Amino acid sequence: IWTLLFIGTVFCGFGLMGLLIFPDTRSRMFTAFRATAIGLGAIVLAVITYGYTLFLITAGDQYPALILRSLVLVLVLTAGTWVMYGIIREKTQK
């Protein structure tokens, strides 16, 4: 779990650095989308692993709720990122 959290934090940091360093919109978009997607995936996988492990140990009902909320968060962030990606791509093609 700690390794996944570390990987997620590092990739999200790469995404932030890409937004700050790259000069044009397309390269910023590419770096931010790819790096933060990998970072988010690693962090969510760590949360799901944590919730599943504690569910097996304690059988509490809060851990399946944690897993479900994490998956809903991923869906919301994916949809929002997809919409923003389309808007930015449309504005940069003109």
# chains A, B, ... in the order shown; residues from 1 in each chain; ligands from 1

$ residues_around --residues "segment 23-27 of chain A" --least-positions-apart "3" --cutoff "12 Å" --atoms "only C-alpha atoms" --output "CSV table (one decimal) with all heavy atoms, in the first residue's frame"
chain,number,residue,atom,x,y,z
A,15,GLY,N,3.1,15.1,-13.2
A,15,GLY,CA,2.0,15.8,-13.9
A,15,GLY,C,2.0,17.3,-13.6
A,15,GLY,O,1.9,18.1,-14.5
A,17,MET,N,4.7,19.0,-12.6
A,17,MET,CA,5.9,19.6,-13.2
A,17,MET,C,5.7,19.8,-14.7
A,17,MET,O,6.2,20.7,-15.2
A,17,MET,CB,7.1,18.7,-12.9
A,17,MET,CG,7.5,18.8,-11.5
A,17,MET,SD,9.1,17.9,-11.0
A,17,MET,CE,9.3,16.7,-12.3
A,18,GLY,N,5.0,18.8,-15.3
A,18,GLY,CA,4.8,19.0,-16.8
A,18,GLY,C,3.9,20.2,-17.1
A,18,GLY,O,4.1,20.8,-18.1
A,19,LEU,N,2.9,20.5,-16.2
A,19,LEU,CA,2.1,21.6,-16.4
A,19,LEU,C,2.9,22.9,-16.3
A,19,LEU,O,2.7,23.9,-17.0
A,19,LEU,CB,0.9,21.7,-15.4
A,19,LEU,CG,-0.2,20.7,-15.7
A,19,LEU,CD1,-1.2,20.8,-14.5
A,19,LEU,CD2,-0.9,21.1,-17.0
A,20,LEU,N,3.9,22.9,-15.4
A,20,LEU,CA,4.7,24.1,-15.2
A,20,LEU,C,5.8,24.3,-16.1
A,20,LEU,O,6.2,25.4,-16.5
A,20,LEU,CB,5.2,24.1,-13.7
A,20,LEU,CG,4.2,24.1,-12.6
A,20,LEU,CD1,4.9,23.9,-11.3
A,20,LEU,CD2,3.4,25.4,-12.6
A,30,PHE,N,-0.9,16.5,-22.6
A,30,PHE,CA,-0.4,15.1,-22.7
A,30,PHE,C,0.2,14.7,-21.4
A,30,PHE,O,-0.1,13.6,-20.8
A,30,PHE,CB,0.6,15.0,-23.9
A,30,PHE,CG,1.1,13.6,-24.0
A,30,PHE,CD1,0.3,12.6,-24.6
A,30,PHE,CD2,2.4,13.3,-23.5
A,30,PHE,CE1,0.8,11.3,-24.7
A,30,PHE,CE2,2.9,12.0,-23.7
A,30,PHE,CZ,2.1,11.0,-24.3
A,31,THR,N,1.1,15.5,-20.9
A,31,THR,CA,1.8,15.1,-19.6
A,31,THR,C,0.9,15.1,-18.5
A,31,THR,O,0.9,14.2,-17.7
A,31,THR,CB,2.9,16.1,-19.4
A,31,THR,OG1,3.8,16.2,-20.5
A,31,THR,CG2,3.7,15.8,-18.1
A,32,ALA,N,0.0,16.1,-18.3
A,32,ALA,CA,-0.9,16.2,-17.2
A,32,ALA,C,-1.9,15.0,-17.2
A,32,ALA,O,-2.1,14.4,-16.2
A,32,ALA,CB,-1.6,17.5,-17.2
A,33,PHE,N,-2.4,14.7,-18.4
A,33,PHE,CA,-3.4,13.6,-18.4
A,33,PHE,C,-2.8,12.3,-18.1
A,33,PHE,O,-3.3,11.5,-17.3
A,33,PHE,CB,-4.1,13.6,-19.8
A,33,PHE,CG,-5.1,12.6,-20.0
A,33,PHE,CD1,-6.3,12.7,-19.3
A,33,PHE,CD2,-4.8,11.5,-20.7
A,33,PHE,CE1,-7.3,11.7,-19.4
A,33,PHE,CE2,-5.8,10.5,-20.9
A,33,PHE,CZ,-7.0,10.6,-20.2
A,34,ARG,N,-1.7,12.0,-18.8
A,34,ARG,CA,-1.1,10.7,-18.6
A,34,ARG,C,-0.5,10.4,-17.2
A,34,ARG,O,-0.8,9.4,-16.6
A,34,ARG,CB,0.0,10.4,-19.7
A,34,ARG,CG,-0.4,10.5,-21.1
A,34,ARG,CD,-1.5,9.5,-21.5
A,34,ARG,NE,-1.8,9.5,-22.9
A,34,ARG,CZ,-2.7,10.2,-23.5
A,34,ARG,NH1,-3.4,11.2,-22.9
A,34,ARG,NH2,-2.9,10.1,-24.8
A,35,ALA,N,0.3,11.4,-16.8
A,35,ALA,CA,1.0,11.2,-15.5
A,35,ALA,C,0.0,11.2,-14.3
A,35,ALA,O,0.1,10.4,-13.4
A,35,ALA,CB,2.0,12.3,-15.3
A,85,TYR,N,-10.5,17.7,-21.4
A,85,TYR,CA,-9.6,17.3,-22.5
A,85,TYR,C,-10.2,17.7,-23.9
A,85,TYR,O,-9.5,18.2,-24.7
A,85,TYR,CB,-9.3,15.8,-22.4
A,85,TYR,CG,-8.2,15.3,-23.3
A,85,TYR,CD1,-6.9,15.6,-23.1
A,85,TYR,CD2,-8.5,14.6,-24.5
A,85,TYR,CE1,-5.9,15.1,-23.9
A,85,TYR,CE2,-7.6,14.1,-25.3
A,85,TYR,CZ,-6.2,14.4,-25.0
A,85,TYR,OH,-5.3,14.0,-25.9
A,86,GLY,N,-11.5,17.4,-24.1
A,86,GLY,CA,-12.1,17.7,-25.3
A,86,GLY,C,-12.3,19.2,-25.5
A,86,GLY,O,-12.1,19.7,-26.7
A,88,ILE,N,-10.3,21.6,-24.3
A,88,ILE,CA,-9.0,22.1,-24.5
A,88,ILE,C,-8.5,21.7,-25.9
A,88,ILE,O,-8.0,22.6,-26.7
A,88,ILE,CB,-8.0,21.7,-23.5
A,88,ILE,CG1,-8.3,22.3,-22.1
A,88,ILE,CG2,-6.5,22.0,-23.9
A,88,ILE,CD1,-7.5,21.7,-21.0
A,89,ARG,N,-8.7,20.5,-26.4
A,89,ARG,CA,-8.3,20.1,-27.7
A,89,ARG,C,-9.1,20.9,-28.8
A,89,ARG,O,-8.5,21.3,-29.8
A,89,ARG,CB,-8.6,18.6,-27.9
A,89,ARG,CG,-8.0,18.0,-29.1
A,89,ARG,CD,-8.2,16.6,-29.3
A,89,ARG,NE,-9.7,16.3,-29.4
A,89,ARG,CZ,-10.2,15.2,-29.1
A,89,ARG,NH1,-9.5,14.2,-28.7
A,89,ARG,NH2,-11.5,15.0,-29.2
A,90,GLU,N,-10.3,21.1,-28.5
A,90,GLU,CA,-11.1,21.9,-29.5
A,90,GLU,C,-10.6,23.3,-29.6
A,90,GLU,O,-10.5,23.9,-30.7
A,90,GLU,CB,-12.6,21.9,-29.1
A,90,GLU,CG,-13.5,22.7,-30.0
A,90,GLU,CD,-14.9,22.7,-29.4
A,90,GLU,OE1,-15.5,21.6,-29.3
A,90,GLU,OE2,-15.5,23.8,-29.2
A,91,LYS,N,-10.3,23.9,-28.5
A,91,LYS,CA,-9.8,25.3,-28.5
A,91,LYS,C,-8.4,25.5,-29.1
A,91,LYS,O,-8.0,26.5,-29.6
A,91,LYS,CB,-9.8,25.9,-27.1
A,91,LYS,CG,-11.2,26.1,-26.7
A,91,LYS,CD,-11.3,27.0,-25.5
A,91,LYS,CE,-12.7,27.2,-24.9
A,91,LYS,NZ,-13.4,28.3,-25.5
A,92,THR,N,-7.6,24.4,-29.0
A,92,THR,CA,-6.2,24.5,-29.5
A,92,THR,C,-6.1,24.2,-31.0
A,92,THR,O,-5.1,24.4,-31.6
A,92,THR,CB,-5.2,23.6,-28.7
A,92,THR,OG1,-5.7,22.2,-28.8
A,92,THR,CG2,-5.1,24.1,-27.3
A,93,GLN,N,-7.1,23.5,-31.6
A,93,GLN,CA,-7.1,23.2,-33.0
A,93,GLN,C,-7.4,24.4,-33.9
A,93,GLN,O,-7.2,24.3,-35.1
A,93,GLN,CB,-8.0,22.0,-33.3
A,93,GLN,CG,-7.5,20.7,-32.7
A,93,GLN,CD,-8.5,19.6,-33.0
A,93,GLN,OE1,-9.6,19.8,-33.5
A,93,GLN,NE2,-8.1,18.4,-32.7

$ atom_distance --atom1 "atom CA of Leu4 of chain A" --atom2 "atom CA of Gly39 of chain A"
8.8 Å

$ atom_distance --atom1 "atom CA of Pro64 of chain A" --atom2 "atom CA of Tyr52 of chain A"
7.3 Å

$ closest_residue --among "A:Val74, A:Val47, A:Leu54, A:Ile38" --to "Gly8 of chain A" --atoms "only C-alpha atoms"
A:Ile38

$ atom_distance --atom1 "atom CA of Thr58 of chain A" --atom2 "atom CA of Val76 of chain A"
29.1 Å

$ residues_around --residues "Leu73 of chain A" --least-positions-apart "6" --cutoff "10 Å" --atoms "only C-alpha atoms" --output "PyMOL selection string"
chain A and resi 44+67+79

$ write_last_selection --atoms "all heavy atoms" --output "tab-separated table (two decimals), in the first residue's frame"
chain	number	residue	atom	x	y	z
A	44	VAL	N	-5.73	5.04	-6.04
A	44	VAL	CA	-7.01	4.35	-5.87
A	44	VAL	C	-6.79	2.86	-5.64
A	44	VAL	O	-7.49	2.24	-4.83
A	44	VAL	CB	-7.93	4.62	-7.08
A	44	VAL	CG1	-9.14	3.71	-7.08
A	44	VAL	CG2	-8.39	6.06	-7.08
A	67	ILE	N	-14.46	1.35	-0.69
A	67	ILE	CA	-14.12	0.87	-2.04
A	67	ILE	C	-15.10	1.42	-3.06
A	67	ILE	O	-14.70	1.91	-4.13
A	67	ILE	CB	-14.08	-0.67	-2.05
A	67	ILE	CG1	-12.93	-1.18	-1.19
A	67	ILE	CG2	-13.98	-1.20	-3.47
A	67	ILE	CD1	-12.94	-2.67	-0.95
A	79	ALA	N	-14.70	11.24	-16.06
A	79	ALA	CA	-15.64	11.97	-16.90
A	79	ALA	C	-15.27	13.45	-16.98
A	79	ALA	O	-15.30	14.04	-18.07
A	79	ALA	CB	-17.06	11.81	-16.34

$ closest_residue --among "A:Phe22, A:Leu40, A:Leu5, A:Ile87" --to "Leu75 of chain A" --atoms "only C-alpha atoms"
A:Leu40
